[in-house]
Structures are given as structure tokens and as C-alpha cells.
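*Asks:* Below is the file query_31.txt, which contains compact mmCIF, C-alpha atoms.
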# COMPACT_ATOMS: atom_id res chain seq x y z
CA MET T 1 -69.72 246.18 -60.53
CA GLU T 2 -69.32 249.94 -60.95
CA ASP T 3 -66.15 251.46 -62.37
CA GLY T 4 -65.45 253.24 -59.07
CA GLN T 5 -65.61 250.01 -57.04
CA LEU T 6 -63.36 248.21 -59.54
CA THR T 7 -60.82 251.01 -59.35
CA GLN T 8 -60.81 250.82 -55.53
CA ILE T 9 -60.28 247.03 -55.60
CA ILE T 10 -57.38 247.31 -58.05
CA ALA T 11 -55.83 250.08 -55.97
CA GLY T 12 -56.21 247.99 -52.82
CA VAL T 13 -54.53 244.98 -54.42
CA ALA T 14 -51.68 247.15 -55.64
CA VAL T 15 -51.16 248.62 -52.17
CA GLY T 16 -51.22 245.14 -50.64
CA LEU T 17 -48.66 243.81 -53.09
CA GLY T 18 -46.45 246.82 -52.51
CA PHE T 19 -46.68 246.36 -48.74
CA ALA T 20 -45.79 242.67 -49.06
CA ALA T 21 -42.80 243.45 -51.25
CA THR T 22 -41.60 246.11 -48.84
CA SER T 23 -42.00 243.75 -45.87
CA ALA T 24 -40.04 241.04 -47.67
CA TRP T 25 -37.26 243.50 -48.50
CA LEU T 26 -37.06 244.72 -44.91
CA ALA T 27 -37.05 241.15 -43.61
CA ARG T 28 -34.21 240.32 -45.97
CA ARG T 29 -32.29 243.36 -44.80
CA ARG T 30 -32.85 242.38 -41.17
CA TRP T 31 -31.62 238.87 -41.93
CA GLN T 32 -28.50 240.23 -43.61
CA ARG T 33 -27.75 242.49 -40.67
CA SER T 34 -28.49 239.68 -38.22
CA ASP T 35 -26.31 237.24 -40.15
CA GLY T 36 -23.44 239.71 -40.06
CA ARG T 37 -23.89 240.18 -36.34
CA TRP T 38 -23.99 236.41 -35.78
CA LYS T 39 -20.74 235.89 -37.69
CA ALA T 40 -19.05 238.32 -35.33
CA TRP T 41 -19.82 235.90 -32.49
CA PHE T 42 -17.60 233.21 -33.93
CA PRO T 43 -14.36 234.68 -35.33
CA GLU T 44 -12.30 232.56 -37.70
CA ALA T 45 -8.63 232.78 -38.59
CA PRO T 46 -8.89 233.63 -42.33
CA ASP T 47 -5.53 232.10 -43.26
CA VAL T 48 -6.34 228.60 -41.94
CA PRO T 49 -7.62 225.93 -44.39
CA GLU T 50 -11.06 224.53 -43.58
CA ASN T 51 -10.88 221.48 -41.32
CA LEU T 52 -14.30 220.43 -40.04
CA ASP T 53 -12.84 217.67 -37.86
CA LEU T 54 -10.67 220.18 -36.03
CA THR T 55 -13.53 222.66 -35.76
CA ARG T 56 -15.73 219.94 -34.28
CA GLN T 57 -13.06 219.02 -31.73
CA LEU T 58 -12.48 222.65 -30.77
CA ALA T 59 -16.26 223.03 -30.42
CA VAL T 60 -16.05 221.13 -27.12
CA GLY T 61 -14.39 224.26 -25.72
CA ALA T 62 -16.59 226.68 -27.65
CA ILE T 63 -18.41 228.30 -24.73
CA LEU T 64 -15.24 229.41 -22.95
CA GLY T 65 -13.41 229.91 -26.24
CA VAL T 66 -16.03 232.33 -27.56
CA ASN T 67 -16.02 234.05 -24.17
CA ASN T 68 -12.31 234.75 -24.70
CA ALA T 69 -12.73 235.69 -28.40
CA PHE T 70 -10.59 232.77 -29.62
CA PRO T 71 -10.93 231.74 -33.29
CA VAL T 72 -13.17 228.71 -33.76
CA ASN T 73 -11.14 227.04 -36.53
CA THR T 74 -7.58 226.82 -35.16
CA ILE T 75 -5.97 225.68 -31.92
CA ASP T 76 -3.89 228.86 -31.85
CA PRO T 77 -5.83 231.44 -29.78
CA ARG T 78 -4.12 234.20 -31.81
CA LYS T 79 -3.10 236.12 -28.72
CA SER T 80 0.41 237.13 -27.68
CA ARG T 81 2.54 234.62 -25.82
CA ALA T 82 2.85 237.04 -22.91
CA GLU T 83 -0.93 237.43 -22.70
CA MET T 84 -1.48 233.66 -22.72
CA ARG T 85 1.15 233.12 -20.02
CA ALA T 86 -0.44 235.81 -17.90
CA TRP T 87 -3.85 234.13 -18.40
CA LEU T 88 -2.50 230.80 -17.16
CA ALA T 89 -0.64 232.36 -14.24
CA GLY T 90 -3.64 234.36 -13.06
CA ALA T 91 -6.46 231.87 -13.62
CA TRP T 92 -4.63 228.57 -13.11
CA ASP T 93 -1.48 229.39 -11.09
CA THR T 94 0.45 227.89 -13.99
CA ARG T 95 3.84 229.13 -15.13
CA ASP T 96 5.40 226.19 -16.94
CA ALA T 97 4.58 223.27 -19.22
CA ALA T 98 4.58 220.66 -16.45
CA ARG T 99 1.94 222.49 -14.45
CA ALA T 100 -0.16 223.15 -17.56
CA ARG T 101 0.01 219.44 -18.39
CA GLU T 102 -1.14 218.52 -14.88
CA ASN T 103 -4.10 220.89 -15.13
CA VAL T 104 -5.30 219.52 -18.46
CA GLN T 105 -4.86 215.91 -17.38
CA SER T 106 -6.85 216.64 -14.21
CA LEU T 107 -9.68 218.13 -16.24
CA LEU T 108 -9.70 215.19 -18.62
CA THR T 109 -9.82 212.60 -15.84
CA GLU T 110 -11.87 214.23 -13.08
CA GLY T 111 -11.68 218.00 -12.58
CA HIS T 112 -14.46 219.57 -10.53
CA SER T 113 -17.21 217.38 -11.93
CA ALA T 114 -16.56 214.52 -9.51
CA THR T 115 -17.29 216.81 -6.56
CA PHE T 116 -20.20 218.58 -8.26
CA ASP T 117 -21.88 215.34 -9.28
CA GLN T 118 -21.44 213.89 -5.82
CA LEU T 119 -23.08 216.94 -4.26
CA ILE T 120 -25.96 216.75 -6.70
CA ASP T 121 -26.42 213.04 -6.03
CA VAL T 122 -26.30 213.35 -2.25
CA ALA T 123 -28.87 216.16 -2.21
CA ARG T 124 -31.08 214.69 -4.89
CA ASP T 125 -33.57 212.82 -2.71
CA GLY T 126 -33.89 215.56 -0.13
CA ASP T 127 -36.03 218.66 0.08
CA PRO T 128 -34.61 221.17 -2.46
CA ASP T 129 -35.23 224.01 -0.03
CA ALA T 130 -33.16 222.23 2.62
CA SER T 131 -30.43 220.89 0.34
CA ARG T 132 -27.79 223.34 1.52
CA GLU T 133 -28.31 222.45 5.16
CA SER T 134 -28.36 218.76 4.27
CA LEU T 135 -25.09 218.95 2.37
CA GLU T 136 -23.42 221.00 5.10
CA HIS T 137 -24.39 218.29 7.56
CA VAL T 138 -23.09 215.45 5.36
CA TYR T 139 -19.78 217.20 4.67
CA SER T 140 -19.36 218.91 8.03
CA GLU T 141 -15.95 217.36 8.70
CA ARG T 142 -14.52 218.51 5.37
CA LEU T 143 -15.88 222.04 5.40
CA ALA T 144 -13.45 223.33 8.00
CA SER T 145 -10.46 222.52 5.78
CA ASP T 146 -12.08 223.02 2.37
CA PRO T 147 -13.59 226.51 1.92
CA GLU T 148 -14.07 225.88 -1.81
CA LEU T 149 -16.43 223.00 -1.00
CA ALA T 150 -18.50 225.36 1.13
CA GLU T 151 -18.87 227.66 -1.89
CA PHE T 152 -19.98 224.79 -4.11
CA ILE T 153 -22.58 223.73 -1.55
CA ALA T 154 -23.85 227.29 -1.30
CA HIS T 155 -24.23 227.46 -5.09
CA HIS T 156 -26.03 224.12 -5.42
CA PRO T 157 -29.72 225.08 -4.87
CA GLU T 158 -29.60 228.17 -7.07
CA ALA T 159 -27.69 226.31 -9.79
CA LEU T 160 -30.40 223.68 -10.15
CA ALA T 161 -33.20 226.24 -9.93
CA ARG T 162 -31.63 228.54 -12.55
CA LEU T 163 -30.94 225.75 -15.05
CA GLU T 164 -34.50 224.50 -14.59
CA ALA T 165 -35.88 227.99 -15.15
CA LEU T 166 -33.79 228.33 -18.32
CA GLY T 167 -35.33 225.14 -19.67
CA TYR T 168 -32.22 222.96 -19.54
CA LEU T 169 -33.07 220.70 -16.61
CA VAL T 170 -36.29 219.17 -17.91
CA THR T 171 -35.99 215.50 -17.01
CA GLY T 172 -34.09 213.44 -14.47
CA ALA T 173 -31.70 212.40 -17.23
CA ASP T 174 -30.60 216.01 -17.62
CA ILE T 175 -29.34 215.93 -14.04
CA ASP T 176 -28.01 212.37 -14.30
CA ARG T 177 -25.59 213.39 -17.05
CA GLY T 178 -23.84 215.55 -14.47
CA THR T 179 -21.33 218.32 -15.02
CA ARG T 180 -18.61 216.55 -17.03
CA ALA T 181 -18.88 218.97 -19.95
CA TYR T 182 -17.62 221.83 -17.77
CA ASP T 183 -14.27 220.10 -17.27
CA LEU T 184 -13.98 218.97 -20.88
CA GLY T 185 -14.69 222.44 -22.24
CA ARG T 186 -12.07 223.96 -19.99
CA ALA T 187 -9.57 221.24 -20.91
CA VAL T 188 -9.77 222.30 -24.56
CA VAL T 189 -9.35 225.99 -23.78
CA VAL T 190 -6.51 225.52 -21.28
CA THR T 191 -4.76 223.37 -23.89
CA ARG T 192 -5.17 226.10 -26.50
CA VAL T 193 -3.85 228.74 -24.11
CA ALA T 194 -0.88 226.55 -23.17
CA PHE T 195 -0.18 226.11 -26.89
CA GLY T 196 -0.38 229.86 -27.40
CA ALA T 197 1.91 230.35 -24.40
CA GLY T 198 4.52 228.09 -25.95
CA PHE T 199 4.18 225.38 -23.29
CA PHE T 200 2.74 222.72 -25.63
CA GLY T 201 3.74 221.72 -29.12
CA ARG T 202 1.06 221.20 -31.74
CA GLU T 203 1.07 217.40 -31.53
CA GLU T 204 0.71 217.33 -27.75
CA ALA T 205 -2.02 219.97 -27.82
CA MET T 206 -3.97 218.14 -30.51
CA ALA T 207 -3.74 214.85 -28.58
CA MET T 208 -5.34 216.51 -25.54
CA ILE T 209 -8.04 218.21 -27.60
CA ARG T 210 -8.89 214.95 -29.39
CA MET T 211 -9.18 213.18 -26.04
CA ALA T 212 -11.59 215.82 -24.72
CA ALA T 213 -13.69 215.47 -27.88
CA PHE T 214 -13.66 211.68 -27.61
CA ILE T 215 -14.84 211.74 -23.98
CA ALA T 216 -17.53 214.29 -24.83
CA ALA T 217 -18.83 212.11 -27.66
CA ARG T 218 -19.04 209.17 -25.26
CA HIS T 219 -20.97 211.13 -22.64
CA PHE T 220 -23.35 213.28 -24.70
CA SER T 221 -25.57 212.63 -27.71
CA SER T 222 -26.29 216.28 -28.57
CA TRP T 223 -24.85 219.73 -28.08
CA ARG T 224 -27.87 220.63 -25.97
CA GLU T 225 -26.99 217.85 -23.54
CA PHE T 226 -23.44 219.15 -23.54
CA ALA T 227 -24.60 222.74 -22.93
CA THR T 228 -26.81 221.63 -20.04
CA SER T 229 -23.91 219.83 -18.40
CA TYR T 230 -21.51 222.71 -18.98
CA LEU T 231 -23.82 225.39 -17.63
CA LEU T 232 -24.71 223.30 -14.60
CA GLY T 233 -21.04 222.84 -13.83
CA ARG T 234 -20.36 226.55 -14.33
CA ALA T 235 -23.26 227.42 -12.03
CA MET T 236 -22.01 225.03 -9.35
CA TRP T 237 -18.53 226.51 -9.59
CA GLY T 238 -19.24 230.24 -9.57
CA GLY T 239 -22.92 230.67 -8.79
CA VAL T 240 -25.63 232.15 -10.99
CA ASP T 241 -25.67 235.75 -9.77
CA GLU T 242 -22.53 236.97 -11.49
CA PRO T 243 -22.64 238.56 -14.97
CA ASP T 244 -20.10 236.06 -16.29
CA PHE T 245 -22.56 233.20 -15.83
CA GLU T 246 -25.27 235.01 -17.77
CA GLY T 247 -22.71 235.64 -20.49
CA MET T 248 -22.02 231.91 -20.68
CA VAL T 249 -25.75 231.25 -20.98
CA ARG T 250 -26.01 233.69 -23.87
CA ILE T 251 -23.04 232.12 -25.64
CA ALA T 252 -24.54 228.64 -25.22
CA GLU T 253 -27.84 229.86 -26.68
CA GLU T 254 -26.04 231.35 -29.67
CA LEU T 255 -24.09 228.14 -30.20
CA LEU T 256 -27.30 226.11 -30.13
CA ARG T 257 -29.32 228.26 -32.55
CA ASN T 258 -26.87 230.27 -34.64
CA PRO T 259 -26.23 228.70 -38.08
CA CYS T 260 -22.74 230.18 -38.09
CA SER T 261 -21.72 228.43 -34.86
CA SER T 262 -19.40 225.44 -34.85
CA TRP T 263 -22.07 223.40 -33.04
CA GLN T 264 -24.50 223.94 -35.90
CA ARG T 265 -22.00 223.68 -38.72
CA CYS T 266 -20.25 220.49 -37.60
CA GLY T 267 -23.09 218.53 -36.08
Go ahead and express the file in the form of C-alpha cells.
*Replies:*
Amino acid sequence: MEDGQLTQIIAGVAVGLGFAATSAWLARRRWQRSDGRWKAWFPEAPDVPENLDLTRQLAVGAILGVNNAFPVNTIDPRKSRAEMRAWLAGAWDTRDAARARENVQSLLTEGHSATFDQLIDVARDGDPDASRESLEHVYSERLASDPELAEFIAHHPEALARLEALGYLVTGADIDRGTRAYDLGRAVVVTRVAFGAGFFGREEAMAMIRMAAFIAARHFSSWREFATSYLLGRAMWGGVDEPDFEGMVRIAEELLRNPCSSWQRCG
């Protein structure tokens, strides 16, 4: 081998090693930036001692909690009492502890999922393209006095189609599990807001949160199953065309894949 060829080979190896080192450095920098961005998704109260059991229980309400920028490691939403009372009054027509208690108990026992799951079951064996007409026919007597039911029926076909397109509704079991997670997730968040509003004491709030976590553990064997159920319920409730639904989808995806999320950290 001539000296010139050997020099070229050595130079080529050196360039290759330098390129590899540079690529590794840039990848590490990207990871650091990405990790910092991911941590911003899931804010923690810095003055609260680590409690993985509590974090796991609060994780049942993580989708809506993250959407409202609540800390993931404490029941206190860390918002002003006035803001939390306004949230309950505007979103839940709730202005006192008794009404807040009724709302949470309703979500824990039935909520919207009973209606959603019934609609899904009734339309299941029919033509998906004709499901809306089929449901309107089955529930014709109730529609005149229940405009909310008409909205749920209108959302039904697109909800199933969107969740299937997103890769959540893959098997029949994904539909069979229903929409229970949507009620349980909201039960946790409404409880936290009522605590922040001064309507619930800590012991009462924790009892409700533990119950939501217990029911979720009985119904779902993974956070992906939970996410599927939650998003299906959210799509049935508000439709899939609004930006808020897409935001919920993005939060669920982050919770499922982000190592900093409570779903990943707590198992």
C-alpha cells in the first residue's frame, strides 16, 4: 500500500470518528433539551415529600389534571380558592360542598359512562355508517326531552372512527371496556378542585381519590386501556372536532411514553 493511500485511509477514519462523536454529542444535547421539555409537562409541587402511592392515585385524573396544569404529586391544585370555586361554578354548576359531593359520587358510581356505553352497545351490531340514524330511532322518545343525548348520539360515529384511526380501538375488547375511565378521571380532578376550593377536607378528598383509583384498578390492566376508555368517553361527550379533544389526545400520548409522567413512573 502506498504512503498516499495509507494517509487517505487514516484521514478518513479520523473524520468518521469525529463525525460519530459530534453526532453523539448533538444527540445527547437533544435528549437533554427534550427531557427538560418533558418535565415541563408534569409540574410537581417542590415542597411535597415523595409519595408514589399518592402520585399513582392522582394519576387516574392525570389527563384532565395536566390539561389544567395541576401538580402531579399533591391533591392541592395550587390555585387560588376563588379560582377553584369559579371553576366549579362554571363547569359543574357547583357552589357548595354538598353539590360538589353529589357530583363526585355520581362520577364514581355512574356518571356519563352508563349512557355512552349503552349507546355504543346498541349501535354495535349495526352498520357504522347508519349508527346515528339507528340510535335516533331507538331513542326517539327520549330525544325530545334530552338534547344532551342527541349530542352524544351525533358524536358516536366520529368518536369510534377517530379512536380507531389513532390506534386505540384495535380489538373488540377495546370497545367492550367502555368509557368508565372518563368518569373516574374527572372524579379525581373535581375532588382536587373541591379541595382547593375549601369544600372538602383532606381526609374526605383522599377517600374519594382512593375510591376512583380502586375502581380504575379493577376495570383496567394498563394505562393504555385506561387512556383508550378515557379518550373514547371524552370523544362521546364533546366530539372530536374541537381543539380541546386533540389536546387531550396529546396529553394521553405524553403520559404513555414520557418517562417523567406519573403513568410511567408509578406503573
*Asks:* What is the distance, in Å and to one decimal place, between atom CA of T:Val193 and atom CA of T:Phe42?
*Replies:* 17.5 Å
*Asks:* Select all residues near (-6.5, 226.5, -35.0) (cut-off 9 Å, inclusive, file coordinates), counting all atoms listed in the file, and output them as a VMD selection string.
*Replies:* chain T and resid 44 to 45 48 54 to 55 58 71 to 78 192
*Asks:* So that I can see what lies close to stretch 64-70 of chain T, please list as a PyMOL selection string the residues with an atom at most 8 Å from it, counting all atoms listed in the file and leaving out residues fewer than 3 positions away in the same chain.
*Replies:* chain T and resi 41-43+61+77-78+185-186+189+247-248+251
*Asks:* Residues at most 12 Å from T:Glu254, counting only C-alpha atoms, excluding those fewer than 6 positions away in the same chain, as a PyMOL selection string?
*Replies:* chain T and resi 37-42+62-63+66-67+223-224+227+247-248+260-264
*Asks:* Report, in Å with one decimal, the straight-line distance from atom CA of T:Leu163 to atom CA of T:Glu148.
*Replies:*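 Between these atoms lies a distance of 21.4 Å.
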*Asks:* Find the distance between atom CA of T:Ile209 and atom CA of T:Ala181 and write it in Å to one decimal.
*Replies:*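 Atom-to-atom, atom CA of T:Ile209 to atom CA of T:Ala181, that is 13.3 Å.
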*Asks:* Using only C-alpha atoms, can you tell me which of T:Thr171, T:Ser113, T:Ser221, T:Ser145 comes closest to T:Asp183?
*Replies:*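 Using only C-alpha atoms, the shortest distance to T:Asp183 belongs to T:Ser113.
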*Asks:* List as a compact mmCIF listing (two decimals) with C-alpha atoms, in the coordinates of the input the protein and nucleic acid residues near T:Arg99, meaning an atom at most 10 Å away when only C-alpha atoms are counted, but skip any in the same chain fewer than 6 places from it.
*Replies:*
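This went into part.txt:
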# COMPACT_ATOMS: atom_id res chain seq x y z
CA LEU T 88 -2.50 230.80 -17.16
CA TRP T 92 -4.63 228.57 -13.11
CA ASP T 93 -1.48 229.39 -11.09
CA GLN T 105 -4.86 215.91 -17.38
CA PHE T 199 4.18 225.38 -23.29
*Asks:* Rank T:Phe200, T:Phe152, T:Tyr182, T:Trp237 by their smallest atom-to-atom distance to T:Tyr139, using only C-alpha atoms, and report the top residue only.
*Replies:*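 Of T:Phe200, T:Phe152, T:Tyr182, T:Trp237, the one nearest T:Tyr139, counting only C-alpha atoms, is T:Phe152.
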